[in-house]
Each structure stands twice: as structure tokens, then as C-alpha cells.
Amino acid sequence: MIILGVDPGKRTGLALYDSDLRQVLWAANATPEEALDHLRRGGVRIDSPLPTRWSVAVIERMASTGKVNSDILRACEDGGRMYEAARSGLAKGALAIPDAEPEPSWLFRREVCRTMHVAGSNKDGQMIDRLCESHGGDRKTARGTKKNPGPLYGCSADSWQALACAVAWLEIEGR
């Protein structure tokens with residue numbers, strides 16, 4: 001199954017994960033507009049004309065934490081727009097992928113953290129460590145190099161959180 005994880009924000013993280021191969025197919029840190037375009041097209045890669053369809057889209061959902069600034073509010077708005085764009089993209093790809101989910105899925109960050117066994121401060125760092133541990137043991141092995149890519153090769157910045165959404169969704173769904 002191919003899962004697209006999405007982390008909305010000023011820089012939107014995208015990660016396409018193959019659950020059968022247990023590896024990242026590609027990852028990107030894009031503007032919200034680039035991410036929306038990708039989602040609406042139903043899986044044509046941002047950096048390549050090659051089609052890469054996804055059967056599930058999982059979007060990180062914002063939760064109220066008390067203080068809300070304009071960046072957080074914008075990320076909430078973008079998340080809703082990305083949900084609708086992913087719905088449109090899934091409809092376009094549904095004929096090509098028999099096991100496609102009919103609707104995108106939402107995951108709150110706290111659900112992702114709980115599933116990945118992350119708590120306390122430095123959640124992003126812990127999240128990366130958990131992902132690397134489950135895909136090769138350490139960051140160097142899991143990420144690999146350009147010459148010898150590991151299963152998480154290509155992830156950086158916000159795409160790590162997008163990957164965490166995809167991996168957490170798989171665990172929550174028991175797949």
C-alpha cells in the first residue's frame with residue numbers, strides 16, 4: 001500500500017511511503033500551494049513527471065493548545081484545503097488503485113506521538129529517532145547516502161513529520 005503523509009505548515013512536508021517495501025519512495029518540503037497542486041493531481045510527483053499514485057492520504061490535523069498565532073491559524077486553514085485536494089486526488093486515482101481509501105484520513109499530532117511512543121520535549125528529534133530505529137537501527141543506516149540510499153532516504157525537515165503520520169496511520173489501522 002502506498003501512503004502519502006502530509007504535514008501542513010509554512011513549509012508543507014510530504015512523504016510517500018510504501019508499506020510493503022517499508023521505505024520512502026520520495027519526500028519533499030514544499031510550499032502549501034505546491035502541495036495543494038500535487039494533491040489535486042492525484043499523485044503526479046512534484047519533482048518529476050513520473051506518476052506515483054497513492055492509495056491513502058494521511059494529513060496531520062491541528063489541535064487547540066491555547067495560544068494561536070497567525071502561522072498556526074494558516075496551517076489549520078491549509079490543512080482543510082489539503083484534505084479537500086486529497087479527496088479530489090483520491091477520486092482521480094481510485095480507478096488505478098483498487099485498494100484506495102475513499103477519503104483522506106486525519107491524525108492529530110498527539111495521536112502520532114502516542115503511536116510512535118514520543119513524549120516530553122524535543123518531539124521532532126524523538127520522532128526521527130523512532131522512525132530510524134524501526135527502519136535500520138540508527139539515523140545513518142536508515143537514511144543512507146545518495147550512493148547507497150537507506151529506506152528513509154530523502155526525508156528532511158517537515159517531511160519527517162509527514163512520514164511519521166503515514167507510519168502512525170499504518171499502526172493505528174493495524175496494517
# chains A, B, ... in the order shown; residues from 1 in each chain; ligands from 1
$ residues_around --residues "range 140-143 of chain A" --least-positions-apart "2" --cutoff "10 Å" --atoms "only C-alpha atoms" --output "ChimeraX atom specification"
/A:23-24,129,131-138,145-146,148-156
$ residues_around --residues "Ser159 in chain A" --least-positions-apart "5" --cutoff "9 Å" --atoms "only C-alpha atoms" --output "list of chain:residue names"
A:Gly5, A:Val6, A:Asp7, A:Thr12, A:Gly13, A:Leu14, A:Ala15, A:Ala27, A:Ala28, A:Asn29, A:Gly154, A:Ala164
$ select_by_dssp --residues "range 8-173 of chain A" --states "strand (DSSP E or B)" --output "ChimeraX atom specification"
/A:12-18,23-30,44,51,56-61,105-108,144,149
$ write_last_selection --atoms "C-alpha atoms" --output "tab-separated table (two decimals), in the first residue's frame"
chain	number	residue	atom	x	y	z
A	12	THR	CA	4.49	21.56	3.98
A	13	GLY	CA	6.10	18.18	4.44
A	14	LEU	CA	5.14	15.38	2.06
A	15	ALA	CA	6.31	11.79	2.27
A	16	LEU	CA	5.27	8.92	0.03
A	17	TYR	CA	5.74	5.63	1.88
A	18	ASP	CA	5.44	2.08	0.55
A	23	GLN	CA	10.63	2.54	2.55
A	24	VAL	CA	10.16	6.14	1.49
A	25	LEU	CA	9.55	6.44	-2.24
A	26	TRP	CA	10.10	10.19	-2.15
A	27	ALA	CA	9.83	13.09	0.25
A	28	ALA	CA	9.51	16.82	-0.28
A	29	ASN	CA	9.29	20.08	1.63
A	30	ALA	CA	7.01	22.29	-0.43
A	44	VAL	CA	1.97	13.11	-10.02
A	51	PRO	CA	3.19	9.34	-11.92
A	56	VAL	CA	-4.15	6.62	1.24
A	57	ALA	CA	-3.57	10.24	2.20
A	58	VAL	CA	-2.96	11.00	5.89
A	59	ILE	CA	-2.93	14.64	6.96
A	60	GLU	CA	-1.75	15.96	10.30
A	61	ARG	CA	-4.58	17.81	11.99
A	105	SER	CA	-7.52	10.49	6.95
A	106	TRP	CA	-6.77	12.99	9.72
A	107	LEU	CA	-4.34	12.32	12.56
A	108	PHE	CA	-3.77	14.71	15.43
A	144	GLY	CA	21.76	6.13	3.85
A	149	PRO	CA	20.20	5.11	-0.05
$ atom_distance --atom1 "CA of Ile3 in chain A" --atom2 "CA of Glu84 in chain A"
16.6 Å
$ residues_around --residues "Lys123 in chain A" --least-positions-apart "6" --cutoff "12 Å" --atoms "only C-alpha atoms" --output "number ranges by chain"
A: 109-110, 112-114, 116-117, 129-130, 160-161, 164
$ write_last_selection --atoms "all heavy atoms" --output "tab-separated table (two decimals), in the first residue's frame"
chain	number	residue	atom	x	y	z
A	109	ARG	N	-1.50	15.40	15.95
A	109	ARG	CA	-0.10	15.19	16.29
A	109	ARG	C	0.03	14.36	17.56
A	109	ARG	O	0.90	13.51	17.67
A	109	ARG	CB	0.62	16.53	16.45
A	109	ARG	CG	2.10	16.37	16.76
A	109	ARG	CD	2.82	17.70	16.71
A	109	ARG	NE	4.19	17.61	17.16
A	109	ARG	CZ	5.22	17.27	16.40
A	109	ARG	NH1	5.03	16.96	15.14
A	109	ARG	NH2	6.45	17.24	16.90
A	110	ARG	N	-0.86	14.58	18.54
A	110	ARG	CA	-0.77	13.80	19.78
A	110	ARG	C	-1.01	12.31	19.51
A	110	ARG	O	-0.42	11.46	20.17
A	110	ARG	CB	-1.72	14.34	20.84
A	110	ARG	CG	-3.18	14.16	20.55
A	110	ARG	CD	-4.07	14.66	21.70
A	110	ARG	NE	-5.44	14.73	21.31
A	110	ARG	CZ	-6.06	15.82	20.88
A	110	ARG	NH1	-5.41	16.96	20.83
A	110	ARG	NH2	-7.31	15.79	20.51
A	112	VAL	N	-0.15	10.79	16.69
A	112	VAL	CA	1.10	10.35	16.06
A	112	VAL	C	2.15	10.13	17.14
A	112	VAL	O	2.82	9.09	17.17
A	112	VAL	CB	1.59	11.38	15.01
A	112	VAL	CG1	2.95	10.97	14.45
A	112	VAL	CG2	0.57	11.53	13.89
A	113	CYS	N	2.28	11.09	18.06
A	113	CYS	CA	3.27	10.98	19.14
A	113	CYS	C	3.00	9.77	20.02
A	113	CYS	O	3.91	9.03	20.38
A	113	CYS	CB	3.28	12.25	19.98
A	113	CYS	SG	4.00	13.67	19.12
A	114	ARG	N	1.74	9.55	20.37
A	114	ARG	CA	1.38	8.40	21.22
A	114	ARG	C	1.72	7.09	20.50
A	114	ARG	O	2.28	6.18	21.10
A	114	ARG	CB	-0.11	8.45	21.56
A	114	ARG	CG	-0.54	7.43	22.58
A	114	ARG	CD	-2.02	7.52	22.95
A	114	ARG	NE	-2.53	8.88	23.01
A	114	ARG	CZ	-3.57	9.32	22.27
A	114	ARG	NH1	-4.19	8.52	21.44
A	114	ARG	NH2	-3.98	10.56	22.37
A	116	MET	N	3.92	6.61	18.17
A	116	MET	CA	5.36	6.49	17.99
A	116	MET	C	6.10	6.45	19.33
A	116	MET	O	7.33	6.42	19.35
A	116	MET	CB	5.89	7.67	17.17
A	116	MET	CG	5.24	7.82	15.80
A	116	MET	SD	5.68	6.55	14.64
A	116	MET	CE	7.35	6.95	14.32
A	117	HIS	N	5.36	6.47	20.45
A	117	HIS	CA	5.95	6.44	21.79
A	117	HIS	C	6.91	7.60	22.02
A	117	HIS	O	8.05	7.42	22.45
A	117	HIS	CB	6.65	5.10	22.06
A	117	HIS	CG	5.76	3.92	21.80
A	117	HIS	ND1	4.71	3.59	22.63
A	117	HIS	CD2	5.74	3.03	20.78
A	117	HIS	CE1	4.09	2.53	22.14
A	117	HIS	NE2	4.69	2.17	21.02
A	129	ASP	N	14.21	9.70	15.57
A	129	ASP	CA	14.90	8.54	16.15
A	129	ASP	C	14.04	7.29	16.07
A	129	ASP	O	14.53	6.21	15.71
A	129	ASP	CB	15.29	8.81	17.61
A	129	ASP	CG	16.44	9.79	17.74
A	129	ASP	OD1	17.17	10.01	16.73
A	129	ASP	OD2	16.61	10.35	18.83
A	130	ARG	N	12.76	7.38	16.41
A	130	ARG	CA	11.86	6.21	16.37
A	130	ARG	C	11.71	5.68	14.95
A	130	ARG	O	11.73	4.47	14.73
A	130	ARG	CB	10.47	6.54	16.92
A	130	ARG	CG	10.39	6.97	18.35
A	130	ARG	CD	10.77	5.85	19.33
A	130	ARG	NE	10.62	6.29	20.68
A	130	ARG	CZ	11.51	7.02	21.37
A	130	ARG	NH1	12.62	7.38	20.80
A	130	ARG	NH2	11.28	7.37	22.61
A	160	TRP	N	9.80	14.67	7.64
A	160	TRP	CA	9.87	13.66	8.71
A	160	TRP	C	8.53	13.53	9.41
A	160	TRP	O	8.07	12.42	9.69
A	160	TRP	CB	10.94	14.03	9.74
A	160	TRP	CG	12.34	13.74	9.31
A	160	TRP	CD1	13.30	14.65	8.99
A	160	TRP	CD2	12.94	12.45	9.15
A	160	TRP	NE1	14.46	14.00	8.63
A	160	TRP	CE2	14.27	12.65	8.73
A	160	TRP	CE3	12.48	11.14	9.32
A	160	TRP	CZ2	15.16	11.61	8.49
A	160	TRP	CZ3	13.37	10.11	9.08
A	160	TRP	CH2	14.67	10.33	8.66
A	161	GLN	N	7.88	14.66	9.71
A	161	GLN	CA	6.59	14.60	10.38
A	161	GLN	C	5.53	13.99	9.45
A	161	GLN	O	4.65	13.27	9.89
A	161	GLN	CB	6.15	15.98	10.86
A	161	GLN	CG	4.87	15.98	11.65
A	161	GLN	CD	4.93	15.11	12.90
A	161	GLN	OE1	5.96	14.97	13.52
A	161	GLN	NE2	3.81	14.50	13.25
A	164	ALA	N	6.04	10.37	9.65
A	164	ALA	CA	5.52	9.87	10.92
A	164	ALA	C	4.01	9.71	10.87
A	164	ALA	O	3.47	8.73	11.40
A	164	ALA	CB	5.92	10.80	12.06
$ atom_distance --atom1 "CA of Ile2 in chain A" --atom2 "CA of Ser19 in chain A"
6.3 Å
$ atom_distance --atom1 "CA of Cys165 in chain A" --atom2 "CA of Glu111 in chain A"
9.0 Å
$ closest_residue --among "A:Pro8, A:Asn69, A:Arg139, A:Arg40" --to "Arg53 in chain A" --atoms "only C-alpha atoms"
A:Arg40
$ select_by_dssp --residues "range 6-128 of chain A" --states "helix (DSSP H, G or I)" --output "PyMOL selection string"
chain A and resi 32-41+70-93+109-115+123-128
$ write_last_selection --atoms "C-alpha atoms" --output "tab-separated table (two decimals), in the first residue's frame"
chain	number	residue	atom	x	y	z
A	32	PRO	CA	1.35	24.96	0.61
A	33	GLU	CA	0.48	25.86	-2.98
A	34	GLU	CA	2.86	23.24	-4.41
A	35	ALA	CA	1.45	20.63	-2.01
A	36	LEU	CA	-2.13	21.51	-2.96
A	37	ASP	CA	-1.27	21.17	-6.64
A	38	HIS	CA	0.28	17.75	-6.01
A	39	LEU	CA	-2.74	16.58	-4.01
A	40	ARG	CA	-5.24	17.77	-6.63
A	41	ARG	CA	-3.36	15.95	-9.40
A	70	SER	CA	-1.33	33.58	12.56
A	71	ASP	CA	1.07	30.81	11.41
A	72	ILE	CA	-0.90	28.16	13.31
A	73	LEU	CA	-4.20	29.51	12.02
A	74	ARG	CA	-2.86	29.48	8.46
A	75	ALA	CA	-1.65	25.88	8.89
A	76	CYS	CA	-5.17	24.92	10.07
A	77	GLU	CA	-6.69	26.55	7.00
A	78	ASP	CA	-4.14	24.90	4.72
A	79	GLY	CA	-4.83	21.52	6.35
A	80	GLY	CA	-8.51	21.81	5.43
A	81	ARG	CA	-7.66	22.82	1.88
A	82	MET	CA	-5.26	19.88	1.62
A	83	TYR	CA	-7.93	17.48	2.87
A	84	GLU	CA	-10.28	18.62	0.08
A	85	ALA	CA	-7.48	18.49	-2.52
A	86	ALA	CA	-6.52	14.96	-1.37
A	87	ARG	CA	-10.17	13.90	-1.65
A	88	SER	CA	-10.16	15.12	-5.25
A	89	GLY	CA	-6.81	13.41	-5.91
A	90	LEU	CA	-8.02	10.12	-4.44
A	91	ALA	CA	-11.08	10.26	-6.70
A	92	LYS	CA	-8.80	10.67	-9.74
A	93	GLY	CA	-6.57	7.77	-8.68
A	109	ARG	CA	-0.10	15.19	16.29
A	110	ARG	CA	-0.77	13.80	19.78
A	111	GLU	CA	-2.06	10.56	18.15
A	112	VAL	CA	1.10	10.35	16.06
A	113	CYS	CA	3.27	10.98	19.14
A	114	ARG	CA	1.38	8.40	21.22
A	115	THR	CA	1.64	5.79	18.47
A	123	LYS	CA	9.30	15.57	19.97
A	124	ASP	CA	10.61	16.05	16.43
A	125	GLY	CA	14.02	14.64	17.34
A	126	GLN	CA	12.47	11.68	19.15
A	127	MET	CA	10.14	11.08	16.20
A	128	ILE	CA	13.08	10.91	13.79
$ closest_residue --among "A:Asp20, A:Arg11, A:Leu4, A:Gly66" --to "Gly42 in chain A" --atoms "only C-alpha atoms"
A:Leu4
$ closest_residue --among "A:Ile172, A:Ala166, A:Val68, A:Val118" --to "Arg22 in chain A" --atoms "only C-alpha atoms"
A:Ala166
$ decode --residues "range 28-77 of chain A" --atoms "N, CA and C atoms" --output "PDB file, in the first residue's frame"
ATOM      1  N   ALA A  28       9.317  15.443   0.168  1.00  0.00           N
ATOM      2  CA  ALA A  28       9.506  16.825  -0.281  1.00  0.00           C
ATOM      3  C   ALA A  28       9.077  17.791   0.806  1.00  0.00           C
ATOM      4  N   ASN A  29       9.696  18.948   0.802  1.00  0.00           N
ATOM      5  CA  ASN A  29       9.290  20.076   1.632  1.00  0.00           C
ATOM      6  C   ASN A  29       8.865  21.145   0.645  1.00  0.00           C
ATOM      7  N   ALA A  30       7.578  21.443   0.616  1.00  0.00           N
ATOM      8  CA  ALA A  30       7.013  22.288  -0.425  1.00  0.00           C
ATOM      9  C   ALA A  30       6.238  23.454   0.175  1.00  0.00           C
ATOM     10  N   THR A  31       5.940  24.416  -0.659  1.00  0.00           N
ATOM     11  CA  THR A  31       5.033  25.472  -0.219  1.00  0.00           C
ATOM     12  C   THR A  31       3.627  24.866  -0.156  1.00  0.00           C
ATOM     13  N   PRO A  32       2.729  25.476   0.595  1.00  0.00           N
ATOM     14  CA  PRO A  32       1.353  24.958   0.614  1.00  0.00           C
ATOM     15  C   PRO A  32       0.735  24.889  -0.789  1.00  0.00           C
ATOM     16  N   GLU A  33       1.045  25.853  -1.634  1.00  0.00           N
ATOM     17  CA  GLU A  33       0.478  25.864  -2.984  1.00  0.00           C
ATOM     18  C   GLU A  33       0.997  24.689  -3.811  1.00  0.00           C
ATOM     19  N   GLU A  34       2.300  24.386  -3.694  1.00  0.00           N
ATOM     20  CA  GLU A  34       2.859  23.236  -4.409  1.00  0.00           C
ATOM     21  C   GLU A  34       2.235  21.937  -3.900  1.00  0.00           C
ATOM     22  N   ALA A  35       2.055  21.838  -2.585  1.00  0.00           N
ATOM     23  CA  ALA A  35       1.452  20.633  -2.011  1.00  0.00           C
ATOM     24  C   ALA A  35       0.003  20.476  -2.478  1.00  0.00           C
ATOM     25  N   LEU A  36      -0.743  21.568  -2.493  1.00  0.00           N
ATOM     26  CA  LEU A  36      -2.132  21.511  -2.964  1.00  0.00           C
ATOM     27  C   LEU A  36      -2.192  21.048  -4.413  1.00  0.00           C
ATOM     28  N   ASP A  37      -1.307  21.571  -5.233  1.00  0.00           N
ATOM     29  CA  ASP A  37      -1.268  21.172  -6.642  1.00  0.00           C
ATOM     30  C   ASP A  37      -1.003  19.679  -6.766  1.00  0.00           C
ATOM     31  N   HIS A  38      -0.037  19.179  -5.994  1.00  0.00           N
ATOM     32  CA  HIS A  38       0.279  17.747  -6.012  1.00  0.00           C
ATOM     33  C   HIS A  38      -0.932  16.911  -5.588  1.00  0.00           C
ATOM     34  N   LEU A  39      -1.581  17.330  -4.521  1.00  0.00           N
ATOM     35  CA  LEU A  39      -2.741  16.575  -4.013  1.00  0.00           C
ATOM     36  C   LEU A  39      -3.882  16.569  -5.020  1.00  0.00           C
ATOM     37  N   ARG A  40      -4.139  17.706  -5.639  1.00  0.00           N
ATOM     38  CA  ARG A  40      -5.237  17.775  -6.629  1.00  0.00           C
ATOM     39  C   ARG A  40      -4.978  16.885  -7.841  1.00  0.00           C
ATOM     40  N   ARG A  41      -3.699  16.761  -8.225  1.00  0.00           N
ATOM     41  CA  ARG A  41      -3.362  15.947  -9.398  1.00  0.00           C
ATOM     42  C   ARG A  41      -3.410  14.460  -9.106  1.00  0.00           C
ATOM     43  N   GLY A  42      -3.568  14.106  -7.855  1.00  0.00           N
ATOM     44  CA  GLY A  42      -3.741  12.696  -7.518  1.00  0.00           C
ATOM     45  C   GLY A  42      -2.475  11.875  -7.524  1.00  0.00           C
ATOM     46  N   GLY A  43      -1.326  12.507  -7.389  1.00  0.00           N
ATOM     47  CA  GLY A  43      -0.118  11.729  -7.219  1.00  0.00           C
ATOM     48  C   GLY A  43       0.952  11.889  -8.253  1.00  0.00           C
ATOM     49  N   VAL A  44       0.865  12.869  -9.121  1.00  0.00           N
ATOM     50  CA  VAL A  44       1.973  13.114 -10.019  1.00  0.00           C
ATOM     51  C   VAL A  44       3.025  13.858  -9.215  1.00  0.00           C
ATOM     52  N   ARG A  45       4.224  13.335  -9.191  1.00  0.00           N
ATOM     53  CA  ARG A  45       5.276  13.879  -8.327  1.00  0.00           C
ATOM     54  C   ARG A  45       5.588  15.331  -8.630  1.00  0.00           C
ATOM     55  N   ILE A  46       5.909  16.076  -7.570  1.00  0.00           N
ATOM     56  CA  ILE A  46       6.276  17.484  -7.707  1.00  0.00           C
ATOM     57  C   ILE A  46       7.546  17.633  -8.525  1.00  0.00           C
ATOM     58  N   ASP A  47       8.547  16.813  -8.255  1.00  0.00           N
ATOM     59  CA  ASP A  47       9.864  16.991  -8.866  1.00  0.00           C
ATOM     60  C   ASP A  47      10.090  16.122 -10.105  1.00  0.00           C
ATOM     61  N   SER A  48       9.049  15.491 -10.605  1.00  0.00           N
ATOM     62  CA  SER A  48       9.227  14.607 -11.742  1.00  0.00           C
ATOM     63  C   SER A  48       7.894  14.413 -12.459  1.00  0.00           C
ATOM     64  N   PRO A  49       7.929  14.238 -13.767  1.00  0.00           N
ATOM     65  CA  PRO A  49       6.687  13.966 -14.491  1.00  0.00           C
ATOM     66  C   PRO A  49       6.185  12.529 -14.299  1.00  0.00           C
ATOM     67  N   LEU A  50       6.973  11.683 -13.625  1.00  0.00           N
ATOM     68  CA  LEU A  50       6.553  10.290 -13.434  1.00  0.00           C
ATOM     69  C   LEU A  50       5.365  10.215 -12.477  1.00  0.00           C
ATOM     70  N   PRO A  51       4.333   9.455 -12.827  1.00  0.00           N
ATOM     71  CA  PRO A  51       3.193   9.335 -11.921  1.00  0.00           C
ATOM     72  C   PRO A  51       3.505   8.411 -10.744  1.00  0.00           C
ATOM     73  N   THR A  52       3.141   8.826  -9.568  1.00  0.00           N
ATOM     74  CA  THR A  52       3.273   7.997  -8.376  1.00  0.00           C
ATOM     75  C   THR A  52       1.976   8.141  -7.605  1.00  0.00           C
ATOM     76  N   ARG A  53       1.054   7.273  -7.863  1.00  0.00           N
ATOM     77  CA  ARG A  53      -0.256   7.339  -7.215  1.00  0.00           C
ATOM     78  C   ARG A  53      -0.161   6.826  -5.795  1.00  0.00           C
ATOM     79  N   TRP A  54      -1.052   7.300  -4.955  1.00  0.00           N
ATOM     80  CA  TRP A  54      -1.122   6.853  -3.575  1.00  0.00           C
ATOM     81  C   TRP A  54      -2.522   6.361  -3.295  1.00  0.00           C
ATOM     82  N   SER A  55      -2.629   5.379  -2.423  1.00  0.00           N
ATOM     83  CA  SER A  55      -3.938   4.812  -2.118  1.00  0.00           C
ATOM     84  C   SER A  55      -4.518   5.365  -0.823  1.00  0.00           C
ATOM     85  N   VAL A  56      -3.691   6.018  -0.017  1.00  0.00           N
ATOM     86  CA  VAL A  56      -4.145   6.615   1.240  1.00  0.00           C
ATOM     87  C   VAL A  56      -3.433   7.947   1.420  1.00  0.00           C
ATOM     88  N   ALA A  57      -4.165   8.958   1.828  1.00  0.00           N
ATOM     89  CA  ALA A  57      -3.568  10.239   2.203  1.00  0.00           C
ATOM     90  C   ALA A  57      -3.860  10.467   3.683  1.00  0.00           C
ATOM     91  N   VAL A  58      -2.823  10.754   4.454  1.00  0.00           N
ATOM     92  CA  VAL A  58      -2.964  10.995   5.890  1.00  0.00           C
ATOM     93  C   VAL A  58      -2.426  12.393   6.178  1.00  0.00           C
ATOM     94  N   ILE A  59      -3.280  13.240   6.733  1.00  0.00           N
ATOM     95  CA  ILE A  59      -2.932  14.638   6.961  1.00  0.00           C
ATOM     96  C   ILE A  59      -2.906  14.921   8.454  1.00  0.00           C
ATOM     97  N   GLU A  60      -1.826  15.577   8.890  1.00  0.00           N
ATOM     98  CA  GLU A  60      -1.753  15.955  10.304  1.00  0.00           C
ATOM     99  C   GLU A  60      -2.772  17.051  10.573  1.00  0.00           C
ATOM    100  N   ARG A  61      -3.527  16.868  11.629  1.00  0.00           N
ATOM    101  CA  ARG A  61      -4.580  17.809  11.991  1.00  0.00           C
ATOM    102  C   ARG A  61      -4.151  18.605  13.215  1.00  0.00           C
ATOM    103  N   MET A  62      -4.413  19.881  13.169  1.00  0.00           N
ATOM    104  CA  MET A  62      -4.063  20.753  14.285  1.00  0.00           C
ATOM    105  C   MET A  62      -5.042  20.562  15.438  1.00  0.00           C
ATOM    106  N   ALA A  63      -4.535  20.696  16.648  1.00  0.00           N
ATOM    107  CA  ALA A  63      -5.381  20.643  17.848  1.00  0.00           C
ATOM    108  C   ALA A  63      -5.170  21.926  18.634  1.00  0.00           C
ATOM    109  N   SER A  64      -6.188  22.365  19.300  1.00  0.00           N
ATOM    110  CA  SER A  64      -6.102  23.576  20.102  1.00  0.00           C
ATOM    111  C   SER A  64      -5.183  23.350  21.297  1.00  0.00           C
ATOM    112  N   THR A  65      -4.241  24.252  21.465  1.00  0.00           N
ATOM    113  CA  THR A  65      -3.326  24.155  22.601  1.00  0.00           C
ATOM    114  C   THR A  65      -3.352  25.425  23.439  1.00  0.00           C
ATOM    115  N   GLY A  66      -4.292  26.284  23.193  1.00  0.00           N
ATOM    116  CA  GLY A  66      -4.397  27.529  23.955  1.00  0.00           C
ATOM    117  C   GLY A  66      -4.014  28.722  23.114  1.00  0.00           C
ATOM    118  N   LYS A  67      -2.725  28.932  22.887  1.00  0.00           N
ATOM    119  CA  LYS A  67      -2.266  30.072  22.102  1.00  0.00           C
ATOM    120  C   LYS A  67      -2.318  29.744  20.622  1.00  0.00           C
ATOM    121  N   VAL A  68      -2.876  30.681  19.852  1.00  0.00           N
ATOM    122  CA  VAL A  68      -2.933  30.502  18.406  1.00  0.00           C
ATOM    123  C   VAL A  68      -2.403  31.769  17.758  1.00  0.00           C
ATOM    124  N   ASN A  69      -1.342  31.632  16.974  1.00  0.00           N
ATOM    125  CA  ASN A  69      -0.839  32.778  16.222  1.00  0.00           C
ATOM    126  C   ASN A  69      -1.245  32.632  14.763  1.00  0.00           C
ATOM    127  N   SER A  70      -0.889  33.597  13.954  1.00  0.00           N
ATOM    128  CA  SER A  70      -1.333  33.578  12.559  1.00  0.00           C
ATOM    129  C   SER A  70      -0.748  32.402  11.782  1.00  0.00           C
ATOM    130  N   ASP A  71       0.477  31.962  12.107  1.00  0.00           N
ATOM    131  CA  ASP A  71       1.070  30.810  11.412  1.00  0.00           C
ATOM    132  C   ASP A  71       0.286  29.533  11.694  1.00  0.00           C
ATOM    133  N   ILE A  72      -0.117  29.355  12.947  1.00  0.00           N
ATOM    134  CA  ILE A  72      -0.895  28.165  13.310  1.00  0.00           C
ATOM    135  C   ILE A  72      -2.268  28.211  12.644  1.00  0.00           C
ATOM    136  N   LEU A  73      -2.892  29.372  12.664  1.00  0.00           N
ATOM    137  CA  LEU A  73      -4.197  29.510  12.021  1.00  0.00           C
ATOM    138  C   LEU A  73      -4.099  29.227  10.531  1.00  0.00           C
ATOM    139  N   ARG A  74      -3.050  29.727   9.898  1.00  0.00           N
ATOM    140  CA  ARG A  74      -2.858  29.479   8.463  1.00  0.00           C
ATOM    141  C   ARG A  74      -2.642  27.988   8.195  1.00  0.00           C
ATOM    142  N   ALA A  75      -1.874  27.318   9.056  1.00  0.00           N
ATOM    143  CA  ALA A  75      -1.648  25.879   8.891  1.00  0.00           C
ATOM    144  C   ALA A  75      -2.965  25.115   9.024  1.00  0.00           C
ATOM    145  N   CYS A  76      -3.844  25.552   9.931  1.00  0.00           N
ATOM    146  CA  CYS A  76      -5.167  24.918  10.069  1.00  0.00           C
ATOM    147  C   CYS A  76      -5.974  25.081   8.787  1.00  0.00           C
ATOM    148  N   GLU A  77      -5.965  26.298   8.254  1.00  0.00           N
ATOM    149  CA  GLU A  77      -6.690  26.554   7.001  1.00  0.00           C
ATOM    150  C   GLU A  77      -6.117  25.715   5.864  1.00  0.00           C
TER     151      GLU A  77
END
